[in-house]
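Participant: So I've got this file, coords11.cif, and it contains mmCIF, C-alpha atoms:
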data_run
loop_
_atom_site.label_atom_id
_atom_site.label_comp_id
_atom_site.auth_asym_id
_atom_site.auth_seq_id
_atom_site.Cartn_x
_atom_site.Cartn_y
_atom_site.Cartn_z
CA MET A 1 -96.64 -122.14 -132.10
CA GLU A 2 -93.61 -123.50 -130.33
CA ASP A 3 -91.31 -121.13 -132.23
CA ILE A 4 -93.49 -118.20 -131.16
CA HIS A 5 -93.29 -119.42 -127.59
CA LEU A 6 -89.49 -119.45 -127.79
CA MET A 7 -89.38 -115.89 -129.09
CA GLU A 8 -91.53 -114.72 -126.19
CA HIS A 9 -88.45 -115.13 -123.99
CA LEU A 10 -87.06 -111.96 -125.60
CA GLN A 11 -90.26 -109.94 -125.39
CA PRO A 12 -91.45 -107.82 -122.44
CA HIS A 13 -94.86 -108.74 -121.05
CA ILE A 14 -97.21 -106.74 -118.86
CA LEU A 15 -97.67 -108.60 -115.58
CA TYR A 16 -99.74 -106.00 -113.75
CA PRO A 17 -101.51 -103.21 -115.68
CA LEU A 18 -101.34 -99.92 -113.82
CA LYS A 19 -102.27 -96.38 -114.80
CA ILE A 20 -101.98 -93.33 -112.56
CA ALA A 21 -103.30 -89.96 -113.77
CA GLY A 22 -103.34 -91.27 -117.32
CA ILE A 23 -99.69 -92.34 -117.14
CA ASP A 24 -98.97 -95.98 -117.95
CA LEU A 25 -96.97 -97.40 -115.03
CA SER A 26 -97.69 -101.05 -115.79
CA ILE A 27 -95.34 -103.57 -114.22
CA SER A 28 -93.72 -105.77 -116.85
CA ASN A 29 -91.30 -108.68 -116.59
CA ALA A 30 -88.50 -106.22 -117.40
CA VAL A 31 -89.45 -104.09 -114.40
CA VAL A 32 -89.53 -107.16 -112.13
CA MET A 33 -86.07 -108.21 -113.33
CA ILE A 34 -84.76 -104.70 -112.65
CA TRP A 35 -86.10 -104.94 -109.10
CA ILE A 36 -84.48 -108.33 -108.60
CA ALA A 37 -81.14 -107.14 -110.03
CA SER A 38 -81.21 -104.04 -107.81
CA ALA A 39 -81.95 -106.15 -104.74
CA LEU A 40 -79.12 -108.56 -105.58
CA VAL A 41 -76.64 -105.72 -106.03
CA PHE A 42 -77.60 -104.28 -102.66
CA ILE A 43 -77.59 -107.62 -100.83
CA THR A 44 -74.29 -108.94 -102.21
CA LEU A 45 -72.38 -105.69 -101.70
CA VAL A 46 -73.74 -105.15 -98.20
CA LEU A 47 -73.10 -108.74 -97.16
CA ALA A 48 -69.58 -108.70 -98.59
CA GLY A 49 -68.86 -105.38 -96.87
CA ARG A 50 -70.12 -106.55 -93.47
CA MET A 51 -68.16 -109.79 -93.41
CA GLY A 52 -64.98 -107.89 -92.64
CA ARG A 53 -62.61 -110.86 -92.52
CA LEU A 54 -58.91 -109.98 -92.40
CA VAL A 55 -58.32 -112.76 -94.91
CA PRO A 56 -61.34 -112.58 -97.25
CA LYS A 57 -63.05 -115.79 -98.31
CA GLY A 58 -66.00 -116.74 -100.47
CA LEU A 59 -68.30 -113.87 -101.37
CA GLN A 60 -66.12 -111.28 -99.66
CA ASN A 61 -63.08 -112.42 -101.63
CA VAL A 62 -64.95 -112.34 -104.96
CA MET A 63 -66.51 -108.93 -104.40
CA GLU A 64 -63.31 -107.37 -103.01
CA SER A 65 -61.34 -108.64 -106.01
CA MET A 66 -63.88 -107.26 -108.46
CA VAL A 67 -64.21 -103.91 -106.69
CA SER A 68 -60.42 -103.56 -106.42
CA TYR A 69 -59.99 -104.24 -110.13
CA LEU A 70 -62.76 -101.81 -111.05
CA LYS A 71 -61.27 -99.12 -108.80
CA GLN A 72 -57.83 -99.63 -110.32
CA THR A 73 -59.26 -99.37 -113.83
CA PHE A 74 -61.87 -96.66 -113.34
CA VAL A 75 -60.23 -94.37 -110.78
CA THR A 76 -56.48 -94.82 -111.17
CA GLU A 77 -56.38 -95.12 -114.95
CA ILE A 78 -59.34 -93.00 -116.10
CA LEU A 79 -61.09 -90.75 -113.56
CA GLY A 80 -58.17 -89.73 -111.38
CA GLU A 81 -58.30 -89.30 -107.63
CA GLU A 82 -59.99 -85.89 -107.94
CA ASN A 83 -63.02 -87.64 -109.46
CA ALA A 84 -62.94 -90.73 -107.25
CA GLY A 85 -66.36 -89.76 -105.91
CA TRP A 86 -67.88 -91.06 -109.14
CA PHE A 87 -66.56 -94.57 -108.53
CA PRO A 88 -69.58 -95.77 -106.50
CA PHE A 89 -71.85 -94.74 -109.38
CA VAL A 90 -69.92 -96.50 -112.16
CA ALA A 91 -69.25 -99.56 -109.98
CA THR A 92 -72.96 -99.85 -109.14
CA LEU A 93 -73.72 -99.45 -112.84
CA PHE A 94 -71.38 -102.35 -113.59
CA PHE A 95 -72.87 -104.71 -111.01
CA PHE A 96 -76.45 -103.78 -111.92
CA ILE A 97 -75.92 -104.48 -115.63
CA LEU A 98 -74.02 -107.67 -114.82
CA TYR A 99 -76.88 -109.01 -112.71
CA CYS A 100 -79.44 -108.05 -115.36
CA ASN A 101 -77.39 -109.88 -117.98
CA LEU A 102 -76.84 -113.02 -115.90
CA LEU A 103 -80.43 -113.26 -114.67
CA GLY A 104 -81.55 -113.56 -118.27
CA LEU A 105 -79.62 -116.83 -118.61
CA ILE A 106 -81.83 -118.48 -116.00
CA PRO A 107 -84.78 -120.39 -117.53
CA LYS A 108 -88.11 -118.54 -117.34
CA MET A 109 -86.29 -115.29 -116.55
CA PHE A 110 -86.18 -112.21 -118.78
CA THR A 111 -83.05 -110.30 -119.78
CA ALA A 112 -83.84 -106.71 -118.86
CA THR A 113 -80.87 -105.43 -120.87
CA SER A 114 -82.33 -106.98 -124.05
CA ASN A 115 -85.05 -104.31 -123.78
CA ILE A 116 -84.07 -101.07 -125.51
CA ASN A 117 -86.14 -99.07 -123.00
CA VAL A 118 -83.93 -100.31 -120.16
CA THR A 119 -80.61 -99.71 -121.92
CA ALA A 120 -81.82 -96.30 -123.14
CA SER A 121 -82.76 -95.34 -119.56
CA LEU A 122 -79.28 -96.30 -118.35
CA ALA A 123 -77.71 -94.32 -121.19
CA ILE A 124 -79.83 -91.26 -120.35
CA VAL A 125 -78.63 -91.42 -116.73
CA VAL A 126 -75.03 -91.53 -117.96
CA PHE A 127 -75.71 -88.61 -120.31
CA LEU A 128 -77.18 -86.47 -117.50
CA CYS A 129 -74.29 -87.32 -115.17
CA THR A 130 -71.78 -86.44 -117.88
CA GLN A 131 -73.34 -83.04 -118.48
CA ALA A 132 -73.69 -82.43 -114.75
CA VAL A 133 -70.03 -83.12 -113.97
CA GLY A 134 -68.89 -80.92 -116.87
CA ILE A 135 -71.05 -78.00 -115.70
CA TYR A 136 -70.04 -78.54 -112.05
CA LYS A 137 -66.32 -78.58 -112.84
CA HIS A 138 -66.18 -75.72 -115.34
CA GLY A 139 -69.40 -73.76 -114.86
CA LEU A 140 -72.18 -73.55 -117.42
CA PHE A 141 -70.51 -71.10 -119.79
CA GLY A 142 -67.08 -72.66 -119.32
CA TYR A 143 -68.49 -76.05 -120.23
CA LEU A 144 -70.32 -74.68 -123.27
CA LYS A 145 -67.05 -73.23 -124.57
CA ARG A 146 -65.85 -76.76 -125.34
CA PHE A 147 -68.28 -76.78 -128.26
CA ALA A 148 -66.44 -73.82 -129.80
CA PRO A 149 -62.66 -74.35 -129.38
CA LYS A 150 -60.41 -71.28 -129.41
CA GLY A 151 -58.49 -70.44 -132.56
CA ILE A 152 -61.04 -71.98 -134.89
CA HIS A 153 -62.18 -69.90 -137.86
CA PRO A 154 -65.83 -68.78 -137.54
CA ALA A 155 -66.67 -70.51 -140.81
CA ILE A 156 -65.42 -73.81 -139.36
CA LEU A 157 -67.37 -73.26 -136.15
CA VAL A 158 -70.60 -73.44 -138.14
CA ILE A 159 -69.72 -77.08 -138.79
CA MET A 160 -67.86 -77.87 -135.56
CA VAL A 161 -70.52 -76.76 -133.07
CA PRO A 162 -73.34 -78.93 -134.48
CA ILE A 163 -70.96 -81.90 -134.71
CA GLU A 164 -69.90 -81.47 -131.07
CA ILE A 165 -73.52 -81.21 -129.93
CA ILE A 166 -74.55 -84.28 -131.94
CA SER A 167 -71.61 -86.25 -130.50
CA GLN A 168 -72.91 -85.61 -126.98
CA PHE A 169 -76.15 -87.38 -127.87
CA ALA A 170 -74.48 -90.01 -130.06
CA LYS A 171 -72.38 -91.36 -127.20
CA PRO A 172 -75.25 -92.44 -124.92
CA PHE A 173 -77.20 -93.62 -127.98
CA ALA A 174 -74.28 -95.91 -128.86
CA LEU A 175 -74.17 -97.17 -125.27
CA ALA A 176 -77.84 -98.13 -125.36
CA ILE A 177 -77.71 -99.81 -128.77
CA ARG A 178 -74.49 -101.73 -128.06
CA LEU A 179 -75.75 -103.32 -124.84
CA PHE A 180 -79.21 -104.01 -126.24
CA ALA A 181 -77.90 -105.54 -129.48
CA ASN A 182 -75.28 -107.76 -127.85
CA MET A 183 -77.61 -109.19 -125.23
CA THR A 184 -80.40 -109.76 -127.76
CA ALA A 185 -78.10 -111.38 -130.32
CA GLY A 186 -76.75 -113.94 -127.85
CA HIS A 187 -80.22 -115.07 -126.84
CA LEU A 188 -81.33 -115.26 -130.46
CA VAL A 189 -78.47 -117.61 -131.28
CA ILE A 190 -79.38 -119.85 -128.34
CA LEU A 191 -83.02 -119.86 -129.43
CA VAL A 192 -81.98 -120.81 -132.97
CA PHE A 193 -80.17 -123.90 -131.68
CA ILE A 194 -83.09 -124.86 -129.44
CA GLY A 195 -85.47 -124.24 -132.34
CA MET A 196 -83.46 -126.68 -134.47
CA ILE A 197 -84.18 -129.44 -131.93
CA ILE A 198 -87.90 -128.75 -132.22
CA MET A 199 -87.75 -128.41 -136.00
CA PHE A 200 -85.88 -131.65 -136.77
CA LYS A 201 -87.51 -133.76 -134.04
CA ASN A 202 -84.79 -136.34 -134.43
CA VAL A 203 -82.95 -137.91 -131.48
CA LEU A 204 -79.86 -138.43 -133.65
CA ILE A 205 -79.60 -134.77 -134.63
CA ALA A 206 -80.82 -133.24 -131.35
CA PRO A 207 -77.53 -133.67 -129.39
CA PHE A 208 -75.62 -131.39 -131.78
CA PRO A 209 -77.77 -128.25 -131.52
CA LEU A 210 -78.20 -128.98 -127.81
CA ALA A 211 -74.41 -129.04 -127.35
CA MET A 212 -74.10 -125.80 -129.31
CA ALA A 213 -76.83 -124.19 -127.20
CA VAL A 214 -75.04 -125.22 -123.98
CA ALA A 215 -71.74 -123.89 -125.33
CA MET A 216 -73.42 -120.64 -126.28
CA MET A 217 -74.93 -120.37 -122.80
CA ALA A 218 -71.46 -120.69 -121.31
CA PHE A 219 -70.16 -118.06 -123.73
CA GLU A 220 -73.04 -115.76 -122.78
CA ILE A 221 -71.77 -115.71 -119.19
CA PHE A 222 -68.52 -114.25 -120.52
CA VAL A 223 -70.43 -111.84 -122.79
CA SER A 224 -72.56 -110.71 -119.83
CA LEU A 225 -69.42 -109.77 -117.90
CA ILE A 226 -67.76 -108.08 -120.87
CA GLN A 227 -70.82 -106.03 -121.81
CA ALA A 228 -71.29 -104.80 -118.24
CA PHE A 229 -67.64 -103.80 -118.15
CA ILE A 230 -67.73 -102.06 -121.54
CA PHE A 231 -70.83 -100.05 -120.65
CA SER A 232 -69.44 -98.92 -117.30
CA ILE A 233 -65.93 -98.16 -118.58
CA LEU A 234 -67.30 -96.06 -121.45
CA ALA A 235 -69.53 -94.22 -118.97
CA THR A 236 -66.42 -93.59 -116.87
CA MET A 237 -64.53 -92.26 -119.88
CA TYR A 238 -67.36 -89.89 -120.78
CA ILE A 239 -67.47 -88.52 -117.21
CA ALA A 240 -63.70 -88.13 -117.14
CA GLU A 241 -63.73 -86.37 -120.51
CA ALA A 242 -66.35 -83.89 -119.33
CA SER A 243 -64.44 -83.29 -116.11
CA HIS A 244 -61.03 -82.79 -117.74
CA ALA A 245 -62.27 -80.83 -120.74
CA GLU A 246 -59.86 -78.07 -121.73
CA HIS A 247 -61.16 -74.73 -122.93
#
Would you write the structure of this file as structure tokens?
Facilitator:
Amino acid sequence: MEDIHLMEHLQPHILYPLKIAGIDLSISNAVVMIWIASALVFITLVLAGRMGRLVPKGLQNVMESMVSYLKQTFVTEILGEENAGWFPFVATLFFFILYCNLLGLIPKMFTATSNINVTASLAIVVFLCTQAVGIYKHGLFGYLKRFAPKGIHPAILVIMVPIEIISQFAKPFALAIRLFANMTAGHLVILVFIGMIIMFKNVLIAPFPLAMAVAMMAFEIFVSLIQAFIFSILATMYIAEASHAEH
């Protein structure tokens, strides 16, 4: 029973059943964590922005450093100044995923990004934005031409066009699976170590899995940061690719 209880940490639970017009809009622990993460993103960025110290300190210093690094990486190196308007979106995406990841490390909290529904929703948003920027920059027909490059033999196009279309859906699918799998795997490893303490029930053995669990928790902080960065930088690359597509 205790092992089942440990696994429940990775499972979404309905906290408030709700149906409107036959549509299930029940509030789960994943939804609550998304609300909390969204509120934290808003509060920290607004507070850091309103401090306005000439020499930044504390929260302002941390947030300015992170935003400056993200802008250097996303705008200067990938998007380009002509697409700098997308920076608020990808930066918000980074901070939102980061908060979702870190909140899951707090006892009794749930990691929203270990739920495939959450990561899939984020990936769908990225997919829609990617298609929107491509159509906006090149027009609908101009953007569709990228699926059939010039100079390609018609016989090859029969293979190329389906591959190009599939790749458009494969990219967000990979985004969703990568984030979901990495966040779930880390928590599973921690639960394995904690489960060993319960399984052996020996004070002489307990310190070793406990130490490994603590070390894994510390490593998960790093993983949370890396996964948020990877998701947002890949989203940036997809948007830049759609914007700069040559026809």
Participant: Counting all atoms listed in the file, find residues at most 10 Å from (-74.1, -96.0, -120.7) (file frame) and give them as a PyMOL selection string.
Facilitator: chain A and resi 90+93-94+119-127+171-179+228+230-236+238
Participant: Go ahead and write the selection's residues with C-alpha atoms as a compact mmCIF listing (two decimals), in the frame of the given file.
Facilitator:
# COMPACT_ATOMS: atom_id res chain seq x y z
CA VAL A 90 -69.92 -96.50 -112.16
CA LEU A 93 -73.72 -99.45 -112.84
CA PHE A 94 -71.38 -102.35 -113.59
CA THR A 119 -80.61 -99.71 -121.92
CA ALA A 120 -81.82 -96.30 -123.14
CA SER A 121 -82.76 -95.34 -119.56
CA LEU A 122 -79.28 -96.30 -118.35
CA ALA A 123 -77.71 -94.32 -121.19
CA ILE A 124 -79.83 -91.26 -120.35
CA VAL A 125 -78.63 -91.42 -116.73
CA VAL A 126 -75.03 -91.53 -117.96
CA PHE A 127 -75.71 -88.61 -120.31
CA LYS A 171 -72.38 -91.36 -127.20
CA PRO A 172 -75.25 -92.44 -124.92
CA PHE A 173 -77.20 -93.62 -127.98
CA ALA A 174 -74.28 -95.91 -128.86
CA LEU A 175 -74.17 -97.17 -125.27
CA ALA A 176 -77.84 -98.13 -125.36
CA ILE A 177 -77.71 -99.81 -128.77
CA ARG A 178 -74.49 -101.73 -128.06
CA LEU A 179 -75.75 -103.32 -124.84
CA ALA A 228 -71.29 -104.80 -118.24
CA ILE A 230 -67.73 -102.06 -121.54
CA PHE A 231 -70.83 -100.05 -120.65
CA SER A 232 -69.44 -98.92 -117.30
CA ILE A 233 -65.93 -98.16 -118.58
CA LEU A 234 -67.30 -96.06 -121.45
CA ALA A 235 -69.53 -94.22 -118.97
CA THR A 236 -66.42 -93.59 -116.87
CA TYR A 238 -67.36 -89.89 -120.78
Participant: Rank nothing, just name the residue among A:Ile78, A:Leu140, A:Leu40, A:Val223 nearest to Thr92 in chain A, using all atoms listed in the file.
Facilitator: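 Checking each candidate against Thr92 in chain A, we get A:Leu40 as the closest.
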Participant: Between CA of Glu64 in chain A and CA of Met33 in chain A, what is the distance, to one decimal in Å?
Facilitator: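 CA of Met33 in chain A lies at a distance of 25.0 Å from CA of Glu64 in chain A.
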Participant: For a quick check of understanding, using all atoms listed in the file, which of A:Ile97, A:Val32, A:Ala91, A:Val214 has the smallest distance to Phe74 in chain A?
Facilitator: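 So, comparing all the options, the nearest one is A:Ala91.
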Participant: Any idea what the distance is between CA of Ile198 in chain A and CA of Ser28 in chain A?
Facilitator: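 Atom-to-atom, CA of Ile198 in chain A and CA of Ser28 in chain A are spaced 28.3 Å apart.
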Participant: Rank A:Ala84, A:Leu45, A:Ile163, A:Ile34 by their smallest atom-to-atom distance to Asn61 in chain A, using all atoms listed in the file, and report the top residue only.
Facilitator: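 Nearest to Asn61 in chain A: A:Leu45.
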Participant: CA of Gly104 in chain A and CA of Ser224 in chain A are how many Å apart?
Facilitator: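 One can read the CA of Gly104 in chain A to CA of Ser224 in chain A distance as 9.6 Å.
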Participant: Selected by the PyMOL selection byres ((chain A and resi 17) around 6) in the shown coordinates: which residues, as a ChimeraX atom specification?
Facilitator: /A:16,18,26
Participant: Rank A:Cys129, A:Leu105, A:Val31, A:Ile116 by their smallest atom-to-atom distance to Met216 in chain A, using all atoms listed in the file, and report the top residue only.
Facilitator: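 Ranked by minimum distance to Met216 in chain A, first place goes to A:Leu105.
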Participant: Nearest to Ala39 in chain A: which of A:Cys100, A:Ile135, A:Ile106, A:Ala206 is it, counting all atoms listed in the file?
Facilitator: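 The answer is A:Cys100, which sits nearest to Ala39 in chain A.
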Participant: So, counting all atoms listed in the file, which residue among A:Asn83, A:Ile27, A:His187, A:Leu59 is closest to Gly134 in chain A?
Facilitator: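 Counting all atoms listed in the file, the residue closest to Gly134 in chain A is A:Asn83.
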Participant: Just so the selection is clear, what residues does the PyMOL selection byres ((chain A and resi 113) around 7) cover here, as a ChimeraX atom specification?
Facilitator: /A:100-101,111-112,114-115,118-119,179-180,183
